[in-house]
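Asker: Sending over work.txt (compact mmCIF, C-alpha atoms and all ligand atoms).
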# COMPACT_ATOMS: atom_id res chain seq x y z
CA MET A 1 -1.62 16.31 75.19
CA LYS A 2 -3.53 14.29 77.78
CA LYS A 3 -5.01 16.58 80.39
CA ASN A 4 -7.54 15.15 82.86
CA ILE A 5 -5.25 12.87 84.82
CA ILE A 6 -5.37 10.65 87.91
CA LEU A 7 -2.09 9.97 89.76
CA MET A 8 -2.14 6.70 91.68
CA GLY A 9 0.30 4.81 93.84
CA PRO A 10 0.92 3.90 97.49
CA PRO A 11 1.78 6.56 100.10
CA GLY A 12 5.38 7.62 99.51
CA ALA A 13 5.48 6.63 95.82
CA GLY A 14 6.05 10.27 94.84
CA LYS A 15 2.60 11.41 93.67
CA GLY A 16 2.83 14.81 95.37
CA THR A 17 6.33 15.56 94.07
CA LEU A 18 5.43 14.50 90.54
CA ALA A 19 2.16 16.46 90.64
CA LYS A 20 4.02 19.65 91.55
CA GLN A 21 6.50 19.14 88.67
CA LEU A 22 3.74 18.40 86.15
CA LYS A 23 1.59 21.27 87.33
CA GLU A 24 4.40 23.73 86.56
CA ALA A 25 5.38 22.13 83.25
CA LEU A 26 1.94 21.46 81.81
CA HIS A 27 -0.15 24.18 83.53
CA LEU A 28 -2.63 21.78 85.03
CA VAL A 29 -4.65 22.29 88.21
CA HIS A 30 -3.28 20.12 91.05
CA ILE A 31 -6.05 18.67 93.20
CA SER A 32 -4.71 16.83 96.24
CA THR A 33 -7.42 15.64 98.62
CA GLY A 34 -4.73 15.16 101.32
CA ASP A 35 -3.70 18.84 100.94
CA MET A 36 -7.35 19.95 101.01
CA PHE A 37 -7.91 18.06 104.25
CA ARG A 38 -4.66 19.41 105.78
CA ASP A 39 -5.71 22.98 104.85
CA ALA A 40 -9.08 22.41 106.53
CA ILE A 41 -7.32 21.06 109.64
CA LYS A 42 -5.06 24.13 109.72
CA ALA A 43 -8.08 26.43 109.38
CA LYS A 44 -9.84 24.47 112.17
CA THR A 45 -13.06 24.13 110.15
CA GLU A 46 -15.73 21.52 110.81
CA LEU A 47 -14.38 19.50 107.87
CA GLY A 48 -10.87 19.80 109.34
CA ASN A 49 -11.94 18.45 112.74
CA LEU A 50 -13.70 15.53 111.13
CA ALA A 51 -10.82 14.76 108.74
CA ALA A 52 -8.16 14.95 111.48
CA SER A 53 -9.77 12.13 113.45
CA TYR A 54 -9.28 9.79 110.48
CA ILE A 55 -6.04 11.12 109.00
CA ASN A 56 -3.97 11.09 112.18
CA ARG A 57 -4.43 7.35 112.64
CA GLY A 58 -3.95 6.56 108.94
CA ASP A 59 -7.59 5.82 108.16
CA LEU A 60 -9.51 7.03 105.12
CA VAL A 61 -11.92 9.95 105.42
CA PRO A 62 -15.47 8.70 104.64
CA ASP A 63 -16.38 8.51 100.95
CA ASP A 64 -19.36 10.91 101.06
CA VAL A 65 -17.24 13.70 102.56
CA THR A 66 -14.35 13.17 100.14
CA ILE A 67 -16.53 12.82 97.05
CA GLY A 68 -18.44 16.02 97.90
CA LEU A 69 -15.19 17.94 98.24
CA VAL A 70 -13.81 16.73 94.90
CA LYS A 71 -17.10 17.29 93.08
CA GLU A 72 -17.14 20.91 94.14
CA ARG A 73 -13.48 21.45 93.21
CA LEU A 74 -13.71 19.78 89.79
CA SER A 75 -16.71 21.90 88.86
CA GLN A 76 -14.72 25.12 89.17
CA PRO A 77 -13.81 26.89 85.90
CA ASP A 78 -10.01 26.60 86.29
CA CYS A 79 -10.30 22.80 85.86
CA GLU A 80 -11.31 23.39 82.25
CA ALA A 81 -7.57 23.66 81.43
CA GLY A 82 -7.02 20.13 82.76
CA PHE A 83 -6.44 18.66 86.20
CA LEU A 84 -4.20 16.27 88.10
CA LEU A 85 -6.00 14.29 90.77
CA ASP A 86 -3.51 13.29 93.47
CA GLY A 87 -4.81 10.91 96.15
CA PHE A 88 -8.31 10.56 94.70
CA PRO A 89 -9.96 8.15 94.05
CA ARG A 90 -8.84 5.77 96.79
CA THR A 91 -11.88 3.46 96.92
CA LEU A 92 -14.22 1.86 94.38
CA PRO A 93 -17.21 4.07 95.38
CA GLN A 94 -14.96 7.12 94.85
CA ALA A 95 -13.91 5.86 91.39
CA GLU A 96 -17.54 5.23 90.42
CA ALA A 97 -18.60 8.65 91.71
CA LEU A 98 -15.75 10.27 89.78
CA GLU A 99 -16.91 8.65 86.55
CA GLU A 100 -20.35 10.13 87.13
CA ILE A 101 -19.01 13.59 88.05
CA ALA A 102 -16.67 13.62 85.03
CA LYS A 103 -19.65 12.84 82.78
CA GLN A 104 -21.80 15.56 84.35
CA ILE A 105 -19.15 18.24 83.89
CA SER A 106 -17.96 16.89 80.51
CA ARG A 107 -14.36 16.52 81.69
CA PRO A 108 -13.60 12.82 81.20
CA ILE A 109 -10.54 11.18 82.75
CA GLU A 110 -8.04 10.63 79.94
CA VAL A 111 -5.34 8.64 81.72
CA VAL A 112 -4.40 7.08 85.06
CA VAL A 113 -0.68 7.35 85.83
CA ASN A 114 0.31 4.70 88.36
CA LEU A 115 3.60 4.86 90.28
CA ASP A 116 5.10 1.52 91.33
CA CYS A 117 7.36 1.42 94.39
CA ASP A 118 8.45 -1.40 96.73
CA ASN A 119 7.49 -1.40 100.42
CA GLU A 120 11.00 -1.00 101.83
CA GLU A 121 11.49 2.19 99.80
CA LEU A 122 8.06 3.54 100.81
CA VAL A 123 8.92 3.17 104.50
CA ARG A 124 12.31 4.87 103.94
CA ARG A 125 10.72 7.78 102.06
CA ILE A 126 7.83 8.33 104.46
CA SER A 127 9.90 8.09 107.65
CA GLY A 128 12.32 10.77 106.37
CA ARG A 129 9.73 13.01 104.73
CA ARG A 130 9.41 16.64 105.78
CA VAL A 131 6.86 19.07 104.33
CA CYS A 132 6.68 22.87 104.20
CA LYS A 133 3.94 24.13 106.50
CA ASN A 134 3.18 27.06 104.16
CA CYS A 135 3.37 25.74 100.60
CA GLY A 136 3.39 21.95 101.05
CA ALA A 137 6.70 21.42 99.17
CA PRO A 138 8.12 17.99 100.03
CA TYR A 139 11.67 17.26 101.33
CA HIS A 140 13.57 14.26 102.72
CA VAL A 141 16.08 14.35 105.56
CA VAL A 142 18.61 12.35 103.49
CA THR A 143 17.75 12.43 99.80
CA MET A 144 16.02 15.81 99.33
CA LYS A 145 17.50 18.15 101.90
CA PRO A 146 16.59 21.85 101.87
CA LYS A 147 19.46 24.35 101.49
CA ALA A 148 18.99 25.54 105.10
CA GLU A 149 17.92 22.96 107.65
CA GLY A 150 14.22 23.12 108.52
CA VAL A 151 13.47 25.90 106.02
CA CYS A 152 11.64 25.61 102.68
CA ASP A 153 13.79 26.55 99.66
CA LEU A 154 10.76 27.85 97.80
CA CYS A 155 8.93 30.05 100.31
CA GLY A 156 11.05 30.14 103.48
CA GLY A 157 8.30 28.39 105.47
CA PRO A 158 9.08 25.98 108.33
CA LEU A 159 9.38 22.25 107.56
CA TYR A 160 7.52 19.72 109.68
CA GLN A 161 6.83 16.01 109.84
CA ARG A 162 3.24 15.05 109.04
CA LYS A 163 1.38 13.49 111.99
CA ASP A 164 0.52 10.47 109.85
CA ASP A 165 4.13 9.93 108.68
CA ASN A 166 4.95 7.60 111.57
CA GLU A 167 5.40 3.84 111.57
CA GLU A 168 2.03 3.04 113.14
CA ALA A 169 -0.10 5.25 110.87
CA LEU A 170 1.92 4.22 107.81
CA LYS A 171 1.12 0.56 108.49
CA VAL A 172 -2.61 1.40 108.52
CA ARG A 173 -2.27 3.55 105.36
CA LEU A 174 -0.53 0.72 103.51
CA GLU A 175 -3.23 -1.72 104.60
CA HIS A 176 -5.91 0.63 103.25
CA TYR A 177 -3.90 1.00 100.04
CA VAL A 178 -3.72 -2.76 99.48
CA ALA A 179 -7.35 -3.47 100.43
CA GLU A 180 -9.16 -0.49 98.91
CA THR A 181 -6.99 1.47 96.48
CA LYS A 182 -4.86 -1.16 94.71
CA PRO A 183 -7.96 -2.92 93.28
CA LEU A 184 -8.64 0.31 91.33
CA LEU A 185 -5.64 -0.52 89.12
CA ASP A 186 -7.70 -3.40 87.67
CA TYR A 187 -10.70 -1.12 87.34
CA TYR A 188 -8.75 1.41 85.25
CA GLU A 189 -6.86 -1.29 83.34
CA LYS A 190 -10.22 -2.64 82.16
CA LEU A 191 -11.20 0.86 81.05
CA GLY A 192 -7.94 1.01 79.06
CA LEU A 193 -6.74 4.08 80.99
CA LEU A 194 -3.87 2.67 83.08
CA GLU A 195 -0.20 3.48 82.45
CA SER A 196 2.36 2.37 85.08
CA PHE A 197 5.82 3.85 85.79
CA ASP A 198 8.66 2.73 88.06
CA SER A 199 9.12 5.44 90.70
CA LEU A 200 12.50 3.99 91.79
CA VAL A 201 14.21 5.63 88.78
CA GLY A 202 14.37 8.92 90.72
CA LYS A 203 12.23 12.04 90.61
CA GLU A 204 13.83 13.79 87.60
CA GLN A 205 13.79 10.73 85.32
CA LEU A 206 10.27 9.85 86.43
CA PHE A 207 9.12 13.40 85.67
CA ASP A 208 10.68 13.24 82.17
CA GLU A 209 9.12 9.86 81.41
CA VAL A 210 5.63 10.89 82.56
CA LYS A 211 5.78 14.33 80.95
CA ASN A 212 6.85 12.82 77.60
CA PHE A 213 4.08 10.28 77.83
CA LEU A 214 1.42 12.90 78.63
CA ASN A 215 2.65 15.16 75.83
CA LYS A 216 2.20 12.45 73.18
P1 LIG B 1 -2.21 12.03 101.23
O1 LIG B 1 -1.70 13.41 101.45
O2 LIG B 1 -2.73 11.79 99.85
O3 LIG B 1 -1.22 10.97 101.68
O4 LIG B 1 -3.49 11.88 102.19
C1 LIG B 1 -3.37 11.99 103.59
C2 LIG B 1 -4.58 11.40 104.26
O5 LIG B 1 -5.75 12.14 103.88
C3 LIG B 1 -4.90 9.95 103.90
O6 LIG B 1 -4.12 9.01 104.64
C4 LIG B 1 -6.37 9.89 104.26
O7 LIG B 1 -6.55 9.84 105.67
C5 LIG B 1 -6.87 11.26 103.79
N1 LIG B 1 -7.28 11.19 102.38
C6 LIG B 1 -6.68 11.79 101.32
N2 LIG B 1 -7.32 11.49 100.18
C7 LIG B 1 -8.35 10.67 100.51
C8 LIG B 1 -9.36 10.00 99.79
N3 LIG B 1 -9.43 10.09 98.45
N4 LIG B 1 -10.25 9.24 100.48
C9 LIG B 1 -10.19 9.15 101.81
N5 LIG B 1 -9.25 9.74 102.57
C10 LIG B 1 -8.33 10.49 101.93
Would you mind writing the structure in this file as structure tokens?
Answerer:
Amino acid sequence: MKKNIILMGPPGAGKGTLAKQLKEALHLVHISTGDMFRDAIKAKTELGNLAASYINRGDLVPDDVTIGLVKERLSQPDCEAGFLLDGFPRTLPQAEALEEIAKQISRPIEVVVNLDCDNEELVRRISGRRVCKNCGAPYHVVTMKPKAEGVCDLCGGPLYQRKDDNEEALKVRLEHYVAETKPLLDYYEKLGLLESFDSLVGKEQLFDEVKNFLNK
């Protein structure tokens, strides 16, 4: 089984949903830099205040801050079992730093799973996305409704719309994706690590396809 994994794809491609499914099925540690920043914002830490100023307008948090956070997390003993990086790396300096960190801690990246999705679908998914304030479980007002409106099926927490899930911030996030993150697909292709999947097949089929691939 492949275990040290990067999940890539534009905002709304389904990285978070897939990561949660794979985490359960394969017992991997899920490391989402977006979730780490949102936790820091909730806890009103110094990191949270800094991150909020970038995240709310759709911009990327500076590389040195993000790299430091991931380095610390990946060095923890639970990552020995294997990890899923969701939302990191997003820039070339982050990818280069990750290669260095992975070497230092002897946990090399084994595969990069890329999710393809067209722009129209990304906008539809992001504009209808709701997230549980407690556990981060994702929902959609049309395609992934909770059993009771506004309440998380898993933990009973309240659902909310992320501040950066609006048209204006999404436009900026997609621009960052195209300019800074998409070029990483070439970077990982050259390293022979890239495997792409069509996220339009739906979340259950996508999960099956990726799980089967990782289990090979
Ligand atoms: P996500 O939950 O992955 O969509 O991330 C939400 C936001 O957190 C992004 O739009 C960025 O502002 C910030 N963020 C998450 N991961 C990174 C990263 N690797 N580098 C810079 N900013 C990030």
Asker: Let me have the centre and edge lengths of the axis-aligned box enclosing all listed atoms of ligand LIG 1 (chain B) with 4 Å padding on every side, in Å to one decimal, as AutoDock Vina command-line options.
Answerer:
--center_x -5.7 --center_y 11.2 --center_z 102.1 --size_x 17.0 --size_y 12.4 --size_z 15.2
Asker: Which of these residues is nearest to Phe213 in chain A, using all atoms listed in the file: A:Glu149, A:Lys190, A:Val131, A:Ile5?
Answerer: A:Ile5
Asker: Write out as number ranges by chain each polymer residue (protein, DNA or RNA) that has an atom no more than 8 Å from ligand LIG 1 (chain B), with all atoms listed in the file counted.
Answerer: A: 11-12, 16, 32-35, 37-38, 51-52, 54-63, 66-67, 86-91, 94, 164, 173
Asker: Need to verify the contact set: Pro108 in chain A, 12 Å, only C-alpha atoms, exclusion of same-chain residues closer than 6 positions in sequence. Can you return it as a PyMOL selection string?
Answerer: chain A and resi 2-6+74+79-80+82-83+98-102+193
Asker: What are the closest atom pairs, with distances in Å to one decimal, for all residues of range 31-117 of chain A lying within 9 Å of range 195-211 of chain A? Consider only C-alpha atoms, order rows by chain and residue number, and present the result as JSON lines.
Answerer:
{"residue": "A:Val111", "atom": "CA", "partner": "A:Glu195", "partner_atom": "CA", "distance": 7.3}
{"residue": "A:Val112", "atom": "CA", "partner": "A:Glu195", "partner_atom": "CA", "distance": 6.1}
{"residue": "A:Val113", "atom": "CA", "partner": "A:Glu195", "partner_atom": "CA", "distance": 5.2}
{"residue": "A:Asn114", "atom": "CA", "partner": "A:Ser196", "partner_atom": "CA", "distance": 4.5}
{"residue": "A:Leu115", "atom": "CA", "partner": "A:Phe197", "partner_atom": "CA", "distance": 5.1}
{"residue": "A:Asp116", "atom": "CA", "partner": "A:Asp198", "partner_atom": "CA", "distance": 5.0}
{"residue": "A:Cys117", "atom": "CA", "partner": "A:Ser199", "partner_atom": "CA", "distance": 5.7}
Asker: Okay, now the selection with C-alpha atoms, as a CSV table (one decimal), in the frame of the given file?
Answerer:
chain,number,residue,atom,x,y,z
A,111,VAL,CA,-5.3,8.6,81.7
A,112,VAL,CA,-4.4,7.1,85.1
A,113,VAL,CA,-0.7,7.4,85.8
A,114,ASN,CA,0.3,4.7,88.4
A,115,LEU,CA,3.6,4.9,90.3
A,116,ASP,CA,5.1,1.5,91.3
A,117,CYS,CA,7.4,1.4,94.4
Asker: What is the distance, in Å and to one decimal place, between CA of Glu180 in chain A and CA of Ala95 in chain A?
Answerer: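 For CA of Glu180 in chain A relative to CA of Ala95 in chain A, the distance reads 10.9 Å.
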Asker: Taking into account all atoms listed in the file, which residue in the set A:Glu167, A:Asn119, A:Ala25, A:Lys20 is nearest to Gly136 in chain A?
Answerer: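 When distances to Gly136 in chain A are compared using all atoms listed in the file, the smallest one comes from A:Lys20.
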Asker: If I take CA of Ala81 in chain A and CA of Ser106 in chain A, how far is one from the other in Å, to one decimal?
Answerer: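 Atom-to-atom, CA of Ala81 in chain A to CA of Ser106 in chain A, that is 12.4 Å.
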Asker: Measuring between all atoms listed in the file, which one of A:Leu92, A:Leu7, A:Ala148, A:Leu26 shows the shortest distance to Ala179 in chain A?
Answerer: A:Leu92
Asker: Find the distance between CA of Asp165 in chain A and CA of Ile126 in chain A and write it in Å to one decimal.
Answerer: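 Interatomic distance here is 5.8 Å.
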Asker: Using only C-alpha atoms, which protein or nucleic acid residues come within 7 Å of Lys133 in chain A? Drop anything in the same chain fewer than 5 positions from it, and give the result as a list of chain:residue names.
Answerer: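 The contact residues come out as A:Gly157, A:Pro158, A:Leu159, A:Tyr160.
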Asker: Based on the selection just made, write C-alpha atoms of those residues as a PDB file, keeping the file's coordinate frame.
Answerer:
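The new file out.pdb reads:
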ATOM      1  CA  GLY A 157       8.300  28.390 105.470  1.00  0.00           C
ATOM      2  CA  PRO A 158       9.080  25.980 108.330  1.00  0.00           C
ATOM      3  CA  LEU A 159       9.380  22.250 107.560  1.00  0.00           C
ATOM      4  CA  TYR A 160       7.520  19.720 109.680  1.00  0.00           C
TER       5      TYR A 160
END
Asker: Taking 2 positions as the minimum chain separation for residues in the same chain, which residues sit within 12 Å of Met144 in chain A when counting all atoms listed in the file? Answer as a PyMOL selection string.
Answerer: chain A and resi 17+125+128-131+137-142+146-150+152-153+202-203
Asker: Using all atoms listed in the file for the distances, tell me which of A:Arg73, A:Asp39, A:Leu170, A:His176 is nearest to Asn134 in chain A.
Answerer: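 Ranking A:Arg73, A:Asp39, A:Leu170, A:His176 by distance to Asn134 in chain A, first place goes to A:Asp39.
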Asker: So which one's closest to Lys71 in chain A, A:Gln21, A:Gln104, A:Ser53, A:Asn215? Using all atoms listed in the file, please.
Answerer: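 Checking each candidate against Lys71 in chain A, we get A:Gln104 as the closest.
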Asker: Considering all atoms listed in the file, state which residue in the set A:His27, A:Thr143, A:Leu69, A:Leu22 is at the smallest distance from Leu47 in chain A.
Answerer: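 Result for the nearest residue to Leu47 in chain A: A:Leu69.
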